[in-house]
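Q: Compact mmCIF, C-alpha atoms, saved as model_26.txt, coming up:
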```txt
# COMPACT_ATOMS: atom_id res chain seq x y z
CA MET A 1 -17.67 19.21 20.97
CA LYS A 2 -16.83 22.19 18.79
CA PHE A 3 -14.42 24.98 19.39
CA SER A 4 -12.39 27.33 17.27
CA LEU A 5 -9.16 29.18 17.59
CA PRO A 6 -8.74 32.67 16.19
CA LEU A 7 -7.08 32.27 12.80
CA ASP A 8 -5.78 35.83 12.95
CA ALA A 9 -3.82 35.04 16.12
CA ASP A 10 -0.05 34.82 16.04
CA PRO A 11 0.70 31.39 14.51
CA ALA A 12 3.22 30.63 17.25
CA SER A 13 0.52 30.99 19.88
CA ARG A 14 -2.12 28.83 18.22
CA ILE A 15 -1.03 25.48 19.62
CA ARG A 16 -0.42 27.05 23.04
CA ALA A 17 -3.90 28.56 22.82
CA PHE A 18 -5.32 25.11 22.24
CA VAL A 19 -3.88 23.63 25.47
CA PRO A 20 -6.36 25.46 27.80
CA VAL A 21 -9.20 24.11 25.64
CA ILE A 22 -7.94 20.60 26.37
CA TRP A 23 -7.70 21.40 30.08
CA SER A 24 -11.30 22.54 30.16
CA LYS A 25 -12.66 19.18 28.98
CA ALA A 26 -13.12 16.30 31.39
CA PHE A 27 -11.89 13.62 29.01
CA MET A 28 -10.88 13.65 25.39
CA ILE A 29 -10.58 10.54 23.24
CA GLN A 30 -9.11 12.05 20.08
CA ILE A 31 -7.10 15.14 19.23
CA LEU A 32 -6.91 15.51 15.46
CA LEU A 33 -5.28 18.81 14.53
CA ASP A 34 -3.75 18.07 11.14
CA ASN A 35 -2.85 20.84 8.69
CA ASN A 36 -3.51 23.81 10.97
CA ALA A 37 -0.28 25.78 10.44
CA PHE A 38 0.64 25.39 14.11
CA VAL A 39 4.20 26.53 14.76
CA GLY A 40 6.40 26.12 17.80
CA SER A 41 6.98 23.05 19.88
CA ILE A 42 4.59 20.36 21.04
CA PRO A 43 3.56 21.28 24.59
CA PRO A 44 4.85 18.68 27.07
CA GLU A 45 1.65 19.31 29.04
CA LEU A 46 -0.21 17.14 26.51
CA GLY A 47 1.36 14.11 28.17
CA GLN A 48 0.78 15.29 31.73
CA HIS A 49 -2.93 16.07 31.94
CA ALA A 50 -5.25 13.62 33.72
CA GLY A 51 -8.06 14.50 31.30
CA LEU A 52 -6.09 12.86 28.51
CA SER A 53 -5.78 9.46 30.19
CA GLN A 54 -8.38 8.05 27.76
CA LEU A 55 -6.83 9.64 24.65
CA THR A 56 -6.57 7.05 21.86
CA SER A 57 -5.50 9.25 18.92
CA LEU A 58 -3.18 12.23 18.73
CA SER A 59 -2.54 13.60 15.27
CA LEU A 60 -0.65 16.84 14.66
CA SER A 61 0.46 16.02 11.12
CA GLY A 62 1.12 18.62 8.47
CA ASN A 63 1.83 21.56 10.74
CA LEU A 64 5.00 23.58 11.22
CA LEU A 65 5.92 22.14 14.61
CA SER A 66 9.58 22.13 15.55
CA GLY A 67 11.76 21.09 18.46
CA ARG A 68 11.90 17.72 20.13
CA ILE A 69 9.11 15.22 20.65
CA PRO A 70 8.22 15.58 24.35
CA PRO A 71 9.04 12.39 26.29
CA GLU A 72 5.90 13.13 28.33
CA LEU A 73 3.80 11.80 25.43
CA GLY A 74 4.88 8.37 26.73
CA ASN A 75 2.46 8.95 29.63
CA LEU A 76 -0.62 8.76 27.34
CA SER A 77 -1.23 5.14 28.29
CA SER A 78 -4.37 4.62 26.15
CA LEU A 79 -2.85 6.00 22.96
CA CYS A 80 -3.34 3.76 19.90
CA HIS A 81 -2.41 6.19 17.12
CA LEU A 82 0.30 8.85 17.24
CA ASN A 83 0.87 10.85 14.06
CA LEU A 84 3.44 13.64 14.17
CA SER A 85 4.43 13.38 10.51
CA LYS A 86 5.11 16.25 8.12
CA ASN A 87 6.49 18.72 10.63
CA MET A 88 10.00 19.97 11.41
CA LEU A 89 10.60 17.96 14.60
CA ASP A 90 14.23 17.23 15.42
CA GLY A 91 16.30 15.38 17.98
CA CYS A 92 15.96 11.71 18.79
CA ILE A 93 12.84 9.58 19.03
CA PRO A 94 12.14 9.49 22.79
CA GLU A 95 12.47 6.03 24.30
CA GLU A 96 9.50 6.90 26.53
CA LEU A 97 7.23 6.24 23.54
CA GLY A 98 8.01 2.58 24.22
CA LYS A 99 5.79 2.81 27.32
CA LEU A 100 2.75 3.13 25.04
CA GLU A 101 1.72 -0.53 25.19
CA THR A 102 -1.48 -0.01 23.17
CA LEU A 103 0.19 1.97 20.36
CA TRP A 104 -0.74 0.45 16.97
CA THR A 105 0.43 3.23 14.69
CA LEU A 106 3.47 5.45 15.10
CA ASN A 107 3.97 7.88 12.22
CA LEU A 108 6.99 10.15 12.56
CA SER A 109 7.69 10.47 8.81
CA GLU A 110 8.92 13.63 7.14
CA ASN A 111 10.62 15.34 10.04
CA ARG A 112 14.27 15.93 10.96
CA LEU A 113 14.64 13.17 13.55
CA GLU A 114 18.14 11.85 14.19
CA GLY A 115 19.77 8.85 15.82
CA THR A 116 18.29 5.38 15.80
CA ILE A 117 14.89 3.90 16.57
CA PRO A 118 15.01 3.18 20.31
CA ASN A 119 14.74 -0.48 21.30
CA GLN A 120 12.06 0.52 23.82
CA VAL A 121 9.86 1.64 20.92
CA LEU A 122 10.70 -1.45 18.88
CA SER A 123 9.68 -3.82 21.67
CA ASN A 124 6.08 -2.59 21.64
CA CYS A 125 4.01 -5.72 21.03
CA ALA A 126 0.90 -3.88 19.80
CA MET A 127 2.69 -1.97 17.02
CA LYS A 128 1.20 -2.62 13.58
CA GLU A 129 2.54 0.37 11.64
CA LEU A 130 5.92 2.00 12.17
CA LEU A 131 6.50 4.87 9.74
CA VAL A 132 9.76 6.77 10.09
CA SER A 133 10.56 7.67 6.47
CA LYS A 134 12.25 10.87 5.32
CA ASN A 135 14.13 11.71 8.49
CA LEU A 136 17.83 11.77 9.36
CA LEU A 137 17.87 8.42 11.18
CA CYS A 138 21.19 6.60 11.00
CA GLY A 139 22.85 3.40 12.05
CA VAL A 140 23.49 -0.06 10.67
CA LEU A 141 20.32 -2.11 10.30
CA SER A 142 21.98 -5.41 11.14
CA GLU A 143 23.21 -3.99 14.46
CA ILE A 144 19.74 -3.12 15.73
CA ASP A 145 18.89 -5.24 18.77
CA VAL A 146 15.93 -7.31 17.59
CA GLU A 147 15.32 -9.23 20.80
CA GLY A 148 12.20 -7.22 21.60
CA TRP A 149 11.10 -7.24 17.98
CA ARG A 150 10.27 -10.95 18.06
CA LYS A 151 6.90 -10.23 19.62
CA LEU A 152 6.03 -7.48 17.15
CA MET A 153 3.04 -7.89 14.88
CA LEU A 154 4.32 -5.29 12.41
CA GLU A 155 2.33 -5.09 9.20
CA VAL A 156 3.82 -1.88 7.73
CA PHE A 157 7.40 -0.72 8.25
CA ASP A 158 8.64 2.31 6.29
CA LEU A 159 12.20 3.39 6.96
CA SER A 160 12.96 4.88 3.54
CA GLY A 161 14.70 8.21 3.05
CA ASN A 162 17.05 7.96 6.03
CA ALA A 163 20.81 7.53 6.42
CA LEU A 164 20.61 3.88 7.43
CA GLN A 165 23.37 1.54 6.31
CA GLY A 166 23.87 -2.13 5.63
CA ASN A 167 21.93 -4.89 3.95
CA ILE A 168 18.30 -5.65 4.60
CA PRO A 169 18.70 -7.88 7.68
CA SER A 170 17.41 -11.44 7.71
CA TRP A 171 15.54 -10.85 10.98
CA LEU A 172 12.90 -8.95 8.99
CA CYS A 173 11.73 -12.37 7.77
CA ASN A 174 10.62 -13.15 11.33
CA PHE A 175 7.64 -10.81 11.02
CA ASP A 176 4.86 -13.12 9.86
CA ASP A 177 2.37 -10.26 9.54
CA LEU A 178 4.65 -7.89 7.61
CA ARG A 179 2.86 -6.93 4.40
CA ILE A 180 4.61 -3.71 3.44
CA LEU A 181 8.31 -2.98 3.87
CA VAL A 182 9.62 0.21 2.34
CA SER A 183 13.35 0.57 2.66
CA GLY A 184 14.25 2.90 -0.20
CA TYR A 185 17.93 3.59 -0.54
CA ILE A 186 20.08 2.10 2.20
CA GLN A 187 23.78 2.85 1.94
```
Please, can you express the file's structure as structure tokens?

A:
Amino acid sequence: MKFSLPLDADPASRIRAFVPVIWSKAFMIQILLDNNAFVGSIPPELGQHAGLSQLTSLSLSGNLLSGRIPPELGNLSSLCHLNLSKNMLDGCIPEELGKLETLWTLNLSENRLEGTIPNQVLSNCAMKELLVSKNLLCGVLSEIDVEGWRKLMLEVFDLSGNALQGNIPSWLCNFDDLRILVSGYIQ
């Protein structure tokens, strides 16, 4: 399937202009829209359309998207890869992303996200890569509830460049599959 959006259109309308294209397709498996200079917020409708029930990859990296991550993205039940990195997203990581039971990769790096990583997201058993570097996340690592983490098969965990505090917790040793841990500076 090929389609194009008018590059001379108002940048703020480009991502909104893309939504009707999605609606016109019966089913989409991947939406890969990296580095398109999209501005504005991520349309919540992306998580509400029946035609996206088979969507496995959503990548909007390297745009100029701002605002909060829509909790409705937690309705994309087949999603394996979610990449919203390198934007200007703010607010907290929605706990609804924890409903994505098939999510292998969650990349939210290089945004302006605040708060902590929700336990609902951390209890996702399928998660292989959790990338949240270069945000404004805060909290004390040793106080994170790791009960749900015990089932995780994490291989890559990057939490560098945040405002996290405390020592590297001993519970990180419980991840048998962890190959890459990037913590950077932790206060």

Q: Which of these, A:Leu130, A:Cys125, A:Leu32, A:Ala37, has the shortest distance to Met88 (chain A) once you count all atoms listed in the file?

A: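 The shortest atom-to-atom distance to Met88 (chain A) comes from A:Ala37.
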
Q: Given the choices A:Asn167, A:Gln30, A:Ser61, A:Gln48, which gets closest to Leu76 (chain A) if the distance is worked out from all atoms listed in the file?

A: A:Gln48

Q: For CA of Phe157 (chain A) and CA of Ser133 (chain A), quote the distance in Å rounded to one decimal.

A: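 Atom-to-atom, CA of Phe157 (chain A) and CA of Ser133 (chain A) are spaced 9.1 Å apart.
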
Q: Would you please work out which residue, of A:Thr105, A:Asn124, A:Asn111, A:Gln165, is nearest to Asp90 (chain A) when using all atoms listed in the file?

A: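 Using all atoms listed in the file, Asp90 (chain A) sits closest to A:Asn111.
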
Q: Between A:Val39, A:Lys128, A:His49, A:Ser123, which has the minimum distance to Leu89 (chain A) (counting all atoms listed in the file)?

A: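 Closest residue, counting all atoms listed in the file: A:Val39.
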
Q: Near Ser41 (chain A), counting all atoms listed in the file, which residues have an atom at most 6 Å away, once you skip same-chain residues fewer than 3 positions from it, shown as a list in words?

A: Leu65, Ser66 and Gly67 of chain A

Q: Give me the residues within 12 Å of Leu108 (chain A) as JSON, numbers by chain, counting all atoms listed in the file and dropping any in the same chain fewer than 5 places off.

A: {"A": [59, 60, 61, 62, 68, 69, 81, 82, 83, 84, 85, 86, 87, 88, 89, 90, 91, 92, 93, 94, 97, 113, 114, 117, 129, 130, 131, 132, 133, 134, 135, 136, 137, 157, 158, 159]}

Q: Excluding Leu103 (chain A) and residues on its chain fewer than 4 positions from it, collect all residues at most 7 Å away from it, counting all atoms listed in the file, and give them as a list in words.

A: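 Returned residues: Leu79, Cys80, His81, Ala126 and Met127 of chain A.
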
Q: Between A:Leu172, A:Leu100, A:Cys138, A:Leu55, single out the one closest to Ser160 (chain A), counting only C-alpha atoms.

A: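 Among the listed residues, A:Cys138 lies closest to Ser160 (chain A).
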
Q: Centre and edge lengths, as JSON, for the axis-aligned box enclosing every listed atom of region 66-81 of chain A with 8 Å of padding on each of the six sides, in Å to one decimal?

A:
```
{"center_x": 3.8, "center_y": 12.9, "center_z": 22.6, "size_x": 32.3, "size_y": 34.4, "size_z": 30.1}
```
